[in-house]
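K.L.:
Compact mmCIF, C-alpha atoms, saved as structure-v7.txt, coming up:
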```
# COMPACT_ATOMS: atom_id res chain seq x y z
CA MET L 1144 20.63 25.39 -11.34
CA ILE L 1145 24.02 23.66 -10.94
CA GLU L 1146 25.82 26.91 -10.00
CA HIS L 1147 23.31 27.61 -7.24
CA ARG L 1148 23.60 24.06 -5.88
CA ASP L 1149 27.39 24.33 -5.88
CA TYR L 1150 27.23 27.63 -3.99
CA GLN L 1151 24.92 26.07 -1.39
CA ARG L 1152 27.40 23.23 -0.87
CA ILE L 1153 30.33 25.61 -0.50
CA GLN L 1154 28.26 27.76 1.85
CA LYS L 1155 27.52 24.71 4.00
CA ALA L 1156 31.18 23.67 3.98
CA ILE L 1157 32.29 27.14 5.11
CA GLU L 1158 29.76 27.02 7.95
CA PHE L 1159 31.10 23.59 8.97
CA ILE L 1160 34.74 24.75 8.93
CA ALA L 1161 33.95 28.01 10.73
CA GLU L 1162 32.10 26.21 13.51
CA ARG L 1163 34.76 23.53 13.98
CA TRP L 1164 38.02 25.26 13.02
CA GLY L 1165 39.33 24.80 16.55
CA ASP L 1166 39.09 21.01 16.10
CA GLN L 1167 40.93 21.22 12.75
CA PRO L 1168 38.48 18.93 10.88
CA SER L 1169 39.93 16.66 8.20
CA LEU L 1170 39.16 16.97 4.50
CA GLU L 1171 37.12 13.77 4.73
CA GLN L 1172 34.99 15.17 7.56
CA VAL L 1173 34.19 18.38 5.68
CA ALA L 1174 33.47 16.55 2.43
CA ARG L 1175 31.15 14.15 4.25
CA ALA L 1176 29.24 17.10 5.72
CA VAL L 1177 28.29 18.25 2.22
CA SER L 1178 27.73 14.72 0.83
CA LEU L 1179 30.66 14.76 -1.60
CA SER L 1180 33.77 12.68 -2.07
CA PRO L 1181 36.97 14.34 -0.84
CA ALA L 1182 38.32 14.64 -4.39
CA HIS L 1183 35.12 16.16 -5.82
CA PHE L 1184 34.77 18.51 -2.86
CA THR L 1185 38.38 19.70 -3.19
CA ARG L 1186 37.90 20.48 -6.89
CA LEU L 1187 34.64 22.32 -6.24
CA PHE L 1188 35.98 24.33 -3.31
CA THR L 1189 39.21 25.23 -5.11
CA ARG L 1190 37.30 26.38 -8.18
CA TRP L 1191 35.11 28.62 -6.01
CA ALA L 1192 37.73 29.98 -3.59
CA GLY L 1193 41.00 29.75 -5.51
CA ILE L 1194 42.62 27.84 -2.66
CA SER L 1195 42.13 24.32 -1.33
CA PRO L 1196 39.94 23.52 1.70
CA LYS L 1197 43.11 22.74 3.67
CA GLN L 1198 44.61 26.13 2.77
CA TYR L 1199 41.38 27.86 3.74
CA LEU L 1200 41.29 26.15 7.13
CA ARG L 1201 44.91 27.18 7.77
CA ALA L 1202 44.22 30.75 6.67
CA LEU L 1203 41.14 30.93 8.90
CA THR L 1204 43.14 29.59 11.83
CA LEU L 1205 45.83 32.21 11.19
CA GLU L 1206 43.22 34.98 11.08
CA ARG L 1207 41.70 33.85 14.37
CA ALA L 1208 45.16 33.85 15.93
CA LYS L 1209 45.77 37.37 14.66
CA GLY L 1210 42.46 38.37 16.18
CA GLU L 1211 43.69 37.20 19.55
CA LEU L 1212 46.91 39.19 19.13
CA LEU L 1213 45.02 42.33 18.17
CA ALA L 1214 42.50 42.09 21.00
CA GLY L 1215 42.13 45.25 22.99
CA ARG L 1216 43.66 47.46 20.32
CA ASP L 1217 42.04 49.65 17.67
CA LEU L 1218 41.75 47.22 14.75
CA LEU L 1219 42.50 49.63 11.93
CA SER L 1220 45.59 51.03 13.64
CA ALA L 1221 46.80 47.58 14.62
CA SER L 1222 46.38 46.19 11.12
CA GLN L 1223 48.39 49.08 9.68
CA ALA L 1224 51.08 48.66 12.31
CA LEU L 1225 51.40 44.99 11.38
CA GLY L 1226 51.58 45.79 7.68
CA LEU L 1227 48.41 43.85 6.92
CA SER L 1228 46.33 46.51 5.19
CA GLY L 1229 48.30 47.24 2.04
CA PRO L 1230 46.73 47.35 -1.44
CA GLY L 1231 44.61 44.25 -1.90
CA ARG L 1232 43.15 42.53 -4.90
CA LEU L 1233 39.80 43.79 -3.72
CA HIS L 1234 40.63 47.33 -2.56
CA ASP L 1235 38.17 49.63 -0.89
CA LEU L 1236 39.04 52.53 -3.18
CA PHE L 1237 37.78 50.82 -6.32
CA VAL L 1238 34.26 51.71 -5.16
CA ASP L 1239 33.25 55.34 -5.58
CA ILE L 1240 30.05 56.38 -3.79
CA GLU L 1241 27.90 59.08 -5.34
CA ALA L 1242 25.04 60.17 -3.12
CA MET L 1243 21.76 61.58 -4.38
CA THR L 1244 21.27 65.29 -3.87
CA PRO L 1245 18.47 66.39 -1.52
CA GLY L 1246 16.45 67.45 -4.56
CA GLU L 1247 16.86 64.07 -6.26
CA TYR L 1248 15.97 62.35 -3.00
CA LYS L 1249 12.78 64.40 -2.76
CA ARG L 1250 11.80 63.69 -6.39
CA GLY L 1251 12.01 59.94 -5.80
CA GLY L 1252 14.07 59.21 -8.89
CA ALA L 1253 12.05 61.24 -11.38
CA GLY L 1254 13.96 61.39 -14.66
CA LEU L 1255 16.10 58.34 -13.82
CA GLU L 1256 16.13 55.15 -15.87
CA ILE L 1257 17.04 52.13 -13.76
CA ARG L 1258 18.17 49.02 -15.62
CA HIS L 1259 18.01 45.74 -13.75
CA ALA L 1260 18.63 42.01 -14.20
CA TRP L 1261 19.22 38.72 -12.42
CA THR L 1262 22.60 36.97 -12.50
CA GLN L 1263 24.52 34.14 -10.86
CA THR L 1264 27.53 35.10 -8.72
CA ASP L 1265 30.00 33.42 -6.38
CA PHE L 1266 27.51 34.22 -3.61
CA GLY L 1267 24.43 32.78 -5.30
CA LEU L 1268 21.62 34.40 -7.22
CA CYS L 1269 21.77 38.18 -7.38
CA HIS L 1270 19.53 41.00 -8.60
CA VAL L 1271 21.52 43.98 -9.89
CA ALA L 1272 20.20 47.46 -10.75
CA ALA L 1273 21.97 50.53 -12.10
CA THR L 1274 21.39 54.09 -13.24
CA GLU L 1275 23.65 55.86 -15.73
CA ARG L 1276 25.53 57.17 -12.68
CA GLY L 1277 26.27 53.80 -11.12
CA LEU L 1278 24.92 50.70 -9.42
CA CYS L 1279 22.06 51.49 -7.07
CA SER L 1280 21.16 48.01 -5.84
CA VAL L 1281 22.94 44.66 -5.45
CA SER L 1282 20.63 42.19 -3.74
CA PHE L 1283 21.49 38.53 -3.08
CA GLU L 1284 18.56 36.12 -3.04
CA ASP L 1285 17.91 32.39 -2.68
CA GLN L 1286 15.50 32.38 -5.63
CA GLN L 1287 14.07 34.79 -8.17
CA SER L 1288 11.15 36.77 -6.81
CA GLY L 1289 9.59 40.18 -7.10
CA ALA L 1290 11.05 41.35 -3.77
CA PRO L 1291 14.13 43.23 -5.09
CA LEU L 1292 12.10 45.11 -7.71
CA LYS L 1293 9.45 45.90 -5.11
CA GLN L 1294 12.16 47.42 -2.89
CA LEU L 1295 13.51 49.45 -5.82
CA LEU L 1296 10.03 50.77 -6.56
CA ALA L 1297 9.69 51.83 -2.94
CA ASP L 1298 13.09 53.57 -2.98
CA TRP L 1299 12.71 55.18 -6.42
CA PRO L 1300 8.93 55.49 -7.01
CA ALA L 1301 9.20 57.98 -9.88
CA ALA L 1302 11.97 56.22 -11.84
CA LYS L 1303 11.58 54.28 -15.08
CA PHE L 1304 12.52 50.59 -14.80
CA VAL L 1305 13.90 48.58 -17.72
CA GLU L 1306 15.04 44.95 -17.75
CA ASP L 1307 18.53 44.76 -19.24
CA GLN L 1308 20.71 41.68 -18.85
CA ALA L 1309 23.83 43.68 -19.77
CA VAL L 1310 23.78 45.39 -16.38
CA ALA L 1311 24.52 42.05 -14.69
CA ALA L 1312 27.90 41.88 -16.41
CA THR L 1313 29.08 44.86 -14.33
CA LEU L 1314 29.15 42.96 -11.05
CA GLY L 1315 30.31 39.74 -12.71
CA GLY L 1316 33.31 41.55 -14.17
CA VAL L 1317 34.32 42.84 -10.76
CA LEU L 1318 34.21 39.41 -9.14
CA ALA L 1319 36.06 37.81 -12.05
CA ALA L 1320 38.84 40.42 -11.87
CA VAL L 1321 39.27 39.94 -8.15
CA ALA L 1322 39.34 36.15 -8.46
CA ALA L 1323 42.03 36.48 -11.16
CA GLY L 1324 44.16 38.66 -8.90
CA GLU L 1325 43.52 41.83 -10.88
CA LYS L 1326 42.36 45.18 -9.55
CA PRO L 1327 38.92 46.02 -10.97
CA GLU L 1328 38.23 49.32 -12.64
CA VAL L 1329 36.68 51.95 -10.38
CA MET L 1330 33.08 50.96 -9.68
CA ARG L 1331 30.59 53.76 -9.24
CA VAL L 1332 27.57 53.26 -7.01
CA MET L 1333 24.69 55.68 -6.56
CA VAL L 1334 23.12 55.57 -3.13
CA ARG L 1335 19.94 56.96 -1.67
CA GLY L 1336 20.41 57.77 2.01
CA THR L 1337 20.65 60.39 4.70
CA ASN L 1338 23.93 62.23 5.27
CA PHE L 1339 24.63 60.00 8.27
CA GLN L 1340 23.92 56.80 6.35
CA VAL L 1341 26.24 57.85 3.53
CA GLN L 1342 28.91 58.69 6.11
CA VAL L 1343 28.61 55.17 7.55
CA TRP L 1344 28.72 53.55 4.10
CA ARG L 1345 31.88 55.47 3.24
CA ALA L 1346 33.41 54.29 6.53
CA LEU L 1347 32.66 50.69 5.58
CA LEU L 1348 34.90 51.09 2.55
CA ARG L 1349 37.81 51.96 4.84
CA ILE L 1350 37.74 48.59 6.60
CA PRO L 1351 40.70 46.65 5.16
CA VAL L 1352 39.88 43.53 3.20
CA GLY L 1353 40.11 40.46 5.41
CA PHE L 1354 39.31 42.41 8.58
CA THR L 1355 36.14 43.10 10.51
CA LEU L 1356 34.94 45.70 13.00
CA SER L 1357 32.24 45.56 15.63
CA TYR L 1358 29.40 48.08 15.47
CA GLY L 1359 30.92 49.81 18.49
CA GLU L 1360 34.36 50.03 16.85
CA LEU L 1361 32.82 51.43 13.67
CA ALA L 1362 30.90 54.01 15.72
CA ALA L 1363 34.15 55.02 17.44
CA GLU L 1364 35.89 55.39 14.06
CA LEU L 1365 33.12 57.82 13.12
CA GLY L 1366 33.59 59.82 16.30
CA ARG L 1367 30.34 58.53 17.83
CA PRO L 1368 31.47 56.08 20.52
CA SER L 1369 27.97 55.83 21.98
CA GLY L 1370 26.23 55.54 18.63
CA ALA L 1371 26.58 51.81 17.91
CA ARG L 1372 22.81 51.35 17.55
CA ALA L 1373 22.47 54.21 15.05
CA VAL L 1374 25.48 52.93 13.13
CA GLY L 1375 23.95 49.45 13.07
CA SER L 1376 20.73 50.83 11.57
CA ALA L 1377 22.71 52.64 8.87
CA VAL L 1378 24.72 49.51 8.08
CA GLY L 1379 21.49 47.55 7.76
CA ALA L 1380 20.04 50.12 5.35
CA ASN L 1381 22.74 49.45 2.76
CA ARG L 1382 21.20 48.38 -0.57
CA VAL L 1383 24.46 47.62 -2.39
CA GLY L 1384 25.56 44.22 -1.13
CA PHE L 1385 29.24 43.20 -1.06
CA LEU L 1386 30.55 46.30 -2.89
CA ILE L 1387 29.67 48.45 0.13
CA PRO L 1388 31.00 45.86 2.60
CA CYS L 1389 28.51 45.81 5.45
CA HIS L 1390 29.42 42.11 5.77
CA ARG L 1391 32.67 43.23 7.48
CA VAL L 1392 30.79 44.47 10.56
CA LEU L 1393 30.20 41.98 13.39
CA ARG L 1394 28.67 42.06 16.82
CA ALA L 1395 30.88 42.62 19.83
CA GLY L 1396 32.64 39.35 20.65
CA GLY L 1397 32.86 38.29 17.01
CA ALA L 1398 29.33 36.94 16.45
CA LEU L 1399 28.18 37.43 12.86
CA GLY L 1400 25.09 39.40 13.76
CA GLY L 1401 22.27 39.96 11.32
CA TYR L 1402 22.69 40.42 7.59
CA ARG L 1403 20.11 41.53 5.04
CA TRP L 1404 21.02 38.67 2.71
CA GLY L 1405 21.48 35.95 5.32
CA GLU L 1406 24.21 35.13 7.84
CA PRO L 1407 25.51 32.09 5.87
CA ARG L 1408 26.09 34.37 2.87
CA LYS L 1409 27.85 36.89 5.12
CA ARG L 1410 30.21 34.17 6.28
CA ALA L 1411 30.77 33.07 2.67
CA MET L 1412 31.68 36.63 1.65
CA LEU L 1413 34.21 36.92 4.47
CA ALA L 1414 35.66 33.54 3.48
CA TRP L 1415 35.87 34.57 -0.18
CA GLU L 1416 37.71 37.77 0.73
CA LEU L 1417 40.09 35.80 2.91
CA ALA L 1418 40.82 33.47 -0.02
CA HIS L 1419 41.28 36.30 -2.54
CA GLY L 1420 42.85 38.95 -0.33
CA ASP L 1421 46.26 40.53 -0.66
CA ARG L 1422 47.99 38.45 2.00
CA GLN L 1423 49.66 35.35 0.59
CA LEU L 1424 49.94 32.07 2.45
CA PRO L 1425 53.42 30.99 3.53
CA ALA L 1426 55.22 29.10 0.78
CA ASP L 1427 55.16 25.79 2.64
CA GLN L 1428 51.35 26.04 2.92
CA ALA L 1429 50.74 27.19 -0.63
CA ALA L 1430 52.23 23.96 -1.94
CA HIS L 1431 49.58 21.77 -0.28
```
Represent the structure contained in this file as structure tokens.
P.N.:
Amino acid sequence: MIEHRDYQRIQKAIEFIAERWGDQPSLEQVARAVSLSPAHFTRLFTRWAGISPKQYLRALTLERAKGELLAGRDLLSASQALGLSGPGRLHDLFVDIEAMTPGEYKRGGAGLEIRHAWTQTDFGLCHVAATERGLCSVSFEDQQSGAPLKQLLADWPAAKFVEDQAVAATLGGVLAAVAAGEKPEVMRVMVRGTNFQVQVWRALLRIPVGFTLSYGELAAELGRPSGARAVGSAVGANRVGFLIPCHRVLRAGGALGGYRWGEPRKRAMLAWELAHGDRQLPADQAAH
């Protein structure tokens, strides 16, 4: 599909820029890396990200510089002190987590109807599933397969599953609102997890858009400074991609670390948030 091919090209371009940002690659160099003309590449990138490749490179450079300035300081506190964590276009509080009760957990979804469908998103192909109480799975894939449904059946063995393309519009509406600079309506998600996992997932929603934490920093925020490994396991158990932002957690030192839906997609999500976040580029950059 054309949309999927376009996403793959943008994904590759983001990888190229991220790896070489220190060399400040030219537009021609990035376009050549994805086998497009500079003009075509600029149109495609701008349509996807809302800013030009040049603006993205400048924004990424600025973020890396901020990272250097914030080194050695608690990231959440530092971001607030610098005034960088105000209300964003994609705000953590638009996601409302509802956890299953112990009884529901034990019954394995008995009495629940789970509607599911495939859809195209800014991050490639996606399988979305929802109960009447909220989204319960957002899984990004490279191609349609039975894997997401198989995982749902394992998580909710007693539930009733129904294909329903309308459920895909829920996630699409959120992304469209954010890209247009609007705050989405509150999105409800229903999660199946232990008390500790739910605690970690709620903590993920408190990471400001455009920022990242290491597993150790996230553990410290939760009052478990020696629990980075347990926190990492809980982050990895998240079934609701992007909306519960496990992509904002990196390894110590800034390495991407693993990601259920692929490291290139993780980098693309961080780039997309940077492009659509609440911090505006300086006026002299926005004109380019």
K.L.:
Please identify all polymer residues within 8 Å of stretch 1396-1411 of chain L, counting all atoms listed in the file, omitting same-chain residues fewer than 3 positions from it, and present them as a list of chain:residue names.
P.N.:
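These residues fall inside the cut-off: L:Gln1154, L:Lys1155, L:Ile1157, L:Glu1158, L:Phe1266, L:Ser1282, L:Phe1283, L:Glu1284, L:Ser1357, L:Gly1379, L:His1390, L:Val1392, L:Leu1393, L:Ala1414, L:Trp1415.
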K.L.:
Expressed in Å to a single decimal, how great is the separation between atom CA of L:Arg1201 and atom CA of L:Arg1175?
P.N.:
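Computing the Euclidean distance for atom CA of L:Arg1201 and atom CA of L:Arg1175 yields 19.3 Å.
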K.L.:
Given all atoms listed in the file as the basis, pick out the residue of L:Ala1161, L:Leu1268, L:Leu1413, L:Ala1253 nearest to L:Gly1353.
P.N.:
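With all atoms listed in the file as the atom set, the closest residue is L:Leu1413.
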K.L.:
Could you name the residues that touch L:Phe1188 at 7 Å or less, counting all atoms listed in the file, but leaving out those on the same chain fewer than 5 positions away, as an mmCIF file with C-alpha atoms, in the coordinates of the input?
P.N.:
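Result written to around_5.cif:
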```cif
data_model
loop_
_atom_site.group_PDB
_atom_site.id
_atom_site.type_symbol
_atom_site.label_atom_id
_atom_site.label_comp_id
_atom_site.auth_asym_id
_atom_site.auth_seq_id
_atom_site.Cartn_x
_atom_site.Cartn_y
_atom_site.Cartn_z
ATOM 1 C CA ILE L 1153 30.330 25.610 -0.500
ATOM 2 C CA SER L 1195 42.130 24.320 -1.330
ATOM 3 C CA PRO L 1196 39.940 23.520 1.700
#
```
K.L.:
Pick out the closest residue to L:Trp1191 from this set: L:Arg1391, L:Arg1276, L:Ala1309, L:Met1412. Count all atoms listed in the file.
P.N.:
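Looking at the shortest contact to L:Trp1191, the residue is L:Met1412.
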K.L.:
With distances taken over only C-alpha atoms, which residue among L:Thr1337, L:Val1173, L:Asp1239, L:Leu1386 lies nearest L:Val1317?
P.N.:
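Closest candidate: L:Leu1386.
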K.L.:
Working from the structure I just supplied, which lacks atoms in stretch 1239-1251 of chain L, can you model N, CA and C atoms there and output them as a CSV table (one decimal), in the coordinates of the input?
P.N.:
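rebuild-v7.csv, freshly written:
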```csv
chain,number,residue,atom,x,y,z
L,1239,ASP,N,33.4,53.9,-5.7
L,1239,ASP,CA,33.2,55.3,-5.6
L,1239,ASP,C,31.8,55.6,-5.3
L,1240,ILE,N,31.4,56.1,-4.1
L,1240,ILE,CA,30.0,56.4,-3.8
L,1240,ILE,C,29.6,57.8,-4.3
L,1241,GLU,N,28.5,57.8,-5.0
L,1241,GLU,CA,27.9,59.1,-5.3
L,1241,GLU,C,26.5,59.1,-4.7
L,1242,ALA,N,26.3,60.1,-3.8
L,1242,ALA,CA,25.0,60.2,-3.1
L,1242,ALA,C,24.1,61.0,-3.9
L,1243,MET,N,22.8,60.7,-3.8
L,1243,MET,CA,21.8,61.6,-4.4
L,1243,MET,C,21.8,63.0,-3.7
L,1244,THR,N,21.4,64.0,-4.5
L,1244,THR,CA,21.3,65.3,-3.9
L,1244,THR,C,19.9,65.3,-3.1
L,1245,PRO,N,19.8,66.3,-2.2
L,1245,PRO,CA,18.5,66.4,-1.5
L,1245,PRO,C,17.3,66.5,-2.5
L,1246,GLY,N,17.5,67.3,-3.6
L,1246,GLY,CA,16.4,67.4,-4.6
L,1246,GLY,C,16.1,66.2,-5.2
L,1247,GLU,N,17.1,65.4,-5.6
L,1247,GLU,CA,16.9,64.1,-6.3
L,1247,GLU,C,16.2,63.1,-5.3
L,1248,TYR,N,16.6,63.2,-4.0
L,1248,TYR,CA,16.0,62.4,-3.0
L,1248,TYR,C,14.5,62.7,-2.9
L,1249,LYS,N,14.2,64.0,-2.9
L,1249,LYS,CA,12.8,64.4,-2.8
L,1249,LYS,C,11.9,64.0,-4.0
L,1250,ARG,N,12.6,64.0,-5.2
L,1250,ARG,CA,11.8,63.7,-6.4
L,1250,ARG,C,11.6,62.2,-6.6
L,1251,GLY,N,12.2,61.4,-5.7
L,1251,GLY,CA,12.0,59.9,-5.8
L,1251,GLY,C,12.5,59.3,-7.1
```
